[in-house]
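Novice: I'd like to ask you about the structure that follows.
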Amino acid sequence: MSATTSSASSIPGPAKDLRVSRALGKRRHRINFVVKTLCVLATMLGMVLLGSILLTLIWRGAAGLSLTVFTNVTKPPGSGGGLLNAIVGTLIQTVIGTAIGTPIGLLVGTYLAEYGHSSPLANAVRFVSDVLLSAPSILIGLFVYQFAVEPFGGFSGAAGCIALAIIVIPIVVRTTEDMLRLITPSLREAAIGLGAPKWKVIVLICYRAAMDGIVTGVLLAIARIAGETAPLLFTSLGNLNWSVSLGQPMASLPVAIYQYAGSAFDDWVQLAWVGALLITFGVLAINIAARLLLRRGK
C-alpha cells in the first residue's frame, strides 16, 4: 500500500493535470456524440413525418385539381362543383384580418420594447398578450360571437375578420418586441447622438434592423389564420353560395375542408383534399415571395 501511494504521489503535477484534462475531454466528446446523434435522429424523424404528410397531401389533393375547382362555386354532390367561393372568402378574411391585426400588434410590440419596458402597464399588456397567444382559437370565436354576431342577429364575414385579427395580434406583438430587444443599444445611441428624435430612430433604424424578424412574425400569423376553422364556425359560418359581402355569411377553405372531409360523397371528400393542398401551397408561396422581396430590398 505504501509503495502504491508513494508511486502515485511521485507523478508530477502537470502530468496528472494533463491526464485529468484528457479524461474530461474524452467524456465531453462522448456526451457530445450522444447528444448530436439524438438531435440528428429527432431531425430525421421530424422530416420523415413532415414529408409523409406533404406527400399524402400532394397525392390525394393533386388528383382532384382541375379548372373547375377555381371557376365553379360549391354545388350539390355529383354536379362538378368547385371551391371558388371558399377561395375568395379565405383571401378576403385573411387579408382583412392581417391588415387589422398587424398594425395593432406592431404598435403594441413597439411600446413594450421601446417605451413600456418593465412598467406595470407593460407587464399587464405582456401578460394578456401571452394569454391570447396560447388561448384556443375556439374561445376567441366564442368571444367574437358574443359581441359581433349575436347582437347583430346573424353570422358575417366581418365577424370572421375580427376573430382572425385577434389571433394575429399576439403573434405580431411577441415577435416585434423580441426583435426590437435584440437591437444593440449602441445603434440607438448613435442615432440619438446625431440629433434624431426617438420616433425616427424607431421607424427608420430599429424597424429596418428588425424587419426580417417582424416579417417572419407576420408570416407565422398568416400561416396560422389561413388554416383556422373553429373561430370561423362561430363568426362567418360558411356559405355554399357566392358571397363577398362582409355583412353576410362567407365561405372559407378551412370551413369547407371541415364540412367536406366528413361527407359521404366522394367528390366532396376530394374537394377537401384539394382545399388542404391549396392552403398549404398558398402559405408556402407567401413565405417564398416575402423572402425574395426582403432579399431584393437588401
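Identifiers in the C-alpha cells: chain A, B, ... in order shown; residue index from 1 per chain; ligand index from 1 in order shown.
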Contacts of A:Ala276 at 12 Å or less, counting only C-alpha atoms, minus same-chain residues fewer than 5 places along, as number ranges by chain?

Specialist: A: 53-54, 56-62, 64-65, 83, 86-87, 226-228, 252-258, 260-261, 269-271, 281-283

Novice: Env of A:Val173: 10 Å cut, atoms = only C-alpha atoms, seq-sep filter 5 positions within chain, self excluded. Answer as a PyMOL selection string.

Specialist: chain A and resi 101-113+125-126+129-130+133+168+178+214+217-218

Novice: Just the selected residues (C-alpha atoms), exported as a CSV table (one decimal), in the first residue's frame, please.

Specialist:
```csv
chain,number,residue,atom,x,y,z
A,101,GLY,CA,-54.1,42.8,-36.6
A,102,THR,CA,-50.6,43.6,-38.0
A,103,PRO,CA,-50.6,47.4,-37.3
A,104,ILE,CA,-52.0,46.9,-33.8
A,105,GLY,CA,-49.6,44.2,-33.0
A,106,LEU,CA,-46.7,46.2,-34.4
A,107,LEU,CA,-47.5,49.3,-32.3
A,108,VAL,CA,-48.1,47.2,-29.1
A,109,GLY,CA,-44.8,45.4,-29.6
A,110,THR,CA,-43.0,48.7,-30.2
A,111,TYR,CA,-44.5,50.1,-27.0
A,112,LEU,CA,-43.4,47.1,-24.9
A,113,ALA,CA,-39.8,47.2,-26.3
A,125,VAL,CA,-50.2,44.1,-21.6
A,126,ARG,CA,-47.5,41.5,-22.0
A,129,SER,CA,-50.7,39.0,-25.0
A,130,ASP,CA,-49.2,35.8,-23.8
A,133,LEU,CA,-51.1,33.7,-27.8
A,168,VAL,CA,-52.8,37.8,-35.4
A,178,ASP,CA,-38.4,40.2,-29.3
A,214,ILE,CA,-41.1,41.2,-37.9
A,217,GLY,CA,-43.9,37.0,-37.3
A,218,VAL,CA,-46.5,38.3,-39.8
```

Novice: Looking only at alpha helix (DSSP H) from DSSP on the backbone, list the matching residues of stretch 49-234 of chain A as a VMD selection string.

Specialist: chain A and resid 49 to 62 67 to 71 84 to 110 120 to 134 137 to 144 157 to 181 185 to 193 198 to 200 207 to 209 211 to 226 230 to 233

Novice: So how many Å separate atom CA of A:Gly238 and atom CA of A:Gly157, to one decimal?

Specialist: 8.7 Å

Novice: What is the atom CA of A:Pro77 to atom CA of A:Ala264 distance in Å?

Specialist: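 The value is 9.6 Å.
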
Novice: Mind checking which residues fall within 12 Å of A:Asn239, counting only C-alpha atoms, ignoring those fewer than 4 positions away in the same chain, and posting them as a short mmCIF file (atom, residue, chain, number, x, y, z; two decimals) with C-alpha atoms, in the first residue's frame?

Specialist:
```cif
data_model
loop_
_atom_site.label_atom_id
_atom_site.label_comp_id
_atom_site.auth_asym_id
_atom_site.auth_seq_id
_atom_site.Cartn_x
_atom_site.Cartn_y
_atom_site.Cartn_z
CA VAL A 73 -68.73 27.60 -56.72
CA THR A 74 -69.90 24.85 -54.43
CA LYS A 75 -72.62 22.69 -55.96
CA LEU A 83 -64.08 25.95 -54.42
CA LEU A 84 -64.21 29.43 -55.94
CA ASN A 85 -66.40 30.90 -53.21
CA ALA A 86 -64.26 29.31 -50.48
CA ILE A 87 -61.01 30.51 -52.04
CA VAL A 88 -62.25 34.09 -52.41
CA GLY A 89 -63.72 34.07 -48.90
CA THR A 90 -60.44 32.85 -47.41
CA PHE A 155 -73.15 35.49 -38.91
CA SER A 156 -70.99 37.68 -41.13
CA GLY A 157 -67.66 37.84 -42.86
CA LEU A 232 -64.89 30.95 -38.37
CA LEU A 233 -67.57 28.42 -37.44
CA THR A 235 -68.40 34.04 -36.86
CA SER A 243 -70.92 35.92 -51.45
CA VAL A 244 -68.29 38.63 -50.99
CA SER A 245 -70.37 40.80 -48.66
CA LEU A 246 -68.87 41.26 -45.21
CA GLN A 248 -73.36 38.07 -44.88
CA PRO A 249 -72.05 34.59 -44.02
CA MET A 250 -68.89 33.96 -46.02
CA ALA A 251 -67.30 30.75 -47.23
CA SER A 252 -63.71 29.79 -46.42
CA LEU A 253 -61.39 26.93 -47.25
CA VAL A 255 -64.67 25.51 -43.08
CA ALA A 256 -65.15 23.83 -46.46
CA GLN A 259 -67.56 20.13 -43.90
#
```

Novice: Find the residues around A:Thr184 up to 12 Å (only C-alpha atoms counted), leave out those fewer than 3 positions away in its own chain, and share them as a list of chain:residue names.

Specialist: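 These residues fall inside the cut-off: A:Met179, A:Leu180, A:Arg181, A:Leu187, A:Arg188, A:Glu189, A:Ala190, A:Ala191, A:Ile205, A:Cys206, A:Ala209, A:Ala210.
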
Novice: Give one line per residue of stretch 44-110 of chain A that approaches stretch 159-165 of chain A to at most 9 Å, naming the two atoms of the closest pair and their distance in Å to one decimal, counting only C-alpha atoms; sort by chain then ascending residue number and deliver it as a tab-separated table.

Specialist:
```
residue	atom	partner	partner_atom	distance
A:Ile92	CA	A:Cys161	CA	8.3
A:Gln93	CA	A:Cys161	CA	5.0
A:Thr94	CA	A:Cys161	CA	7.1
A:Val95	CA	A:Cys161	CA	8.5
A:Ile96	CA	A:Cys161	CA	6.0
A:Gly97	CA	A:Ala165	CA	4.2
A:Thr98	CA	A:Ala165	CA	6.0
A:Ala99	CA	A:Ala165	CA	7.9
A:Ile100	CA	A:Ala165	CA	5.8
A:Gly101	CA	A:Ala165	CA	4.4
A:Thr102	CA	A:Ala165	CA	7.9
```

Novice: Limited to C-alpha atoms, could you put the picked residues into a file as a PDB file, in the first residue's frame?

Specialist:
```pdb
ATOM      1  CA  ILE A  92     -60.833  38.294 -48.138  1.00  0.00           C
ATOM      2  CA  GLN A  93     -60.918  37.280 -44.492  1.00  0.00           C
ATOM      3  CA  THR A  94     -57.190  36.543 -44.273  1.00  0.00           C
ATOM      4  CA  VAL A  95     -56.178  39.819 -45.911  1.00  0.00           C
ATOM      5  CA  ILE A  96     -58.542  41.942 -43.823  1.00  0.00           C
ATOM      6  CA  GLY A  97     -57.701  40.092 -40.597  1.00  0.00           C
ATOM      7  CA  THR A  98     -53.977  40.561 -41.246  1.00  0.00           C
ATOM      8  CA  ALA A  99     -54.464  44.210 -42.208  1.00  0.00           C
ATOM      9  CA  ILE A 100     -56.293  44.869 -38.930  1.00  0.00           C
ATOM     10  CA  GLY A 101     -54.120  42.804 -36.604  1.00  0.00           C
ATOM     11  CA  THR A 102     -50.637  43.617 -37.951  1.00  0.00           C
TER      12      THR A 102
END
```

Novice: Please indicate the distance in Å from atom CA of A:Asn287 to atom CA of A:Gly213, rounded to one decimal place.

Specialist: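 If I compute the distance from atom CA of A:Asn287 to atom CA of A:Gly213, I get 12.8 Å.
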
Novice: Of the candidates A:Val172, A:Thr37, A:Val20, A:Asn72, which one gets nearest to A:Asn241 if we count only C-alpha atoms?

Specialist: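 Smallest distance to A:Asn241 is found for A:Asn72.
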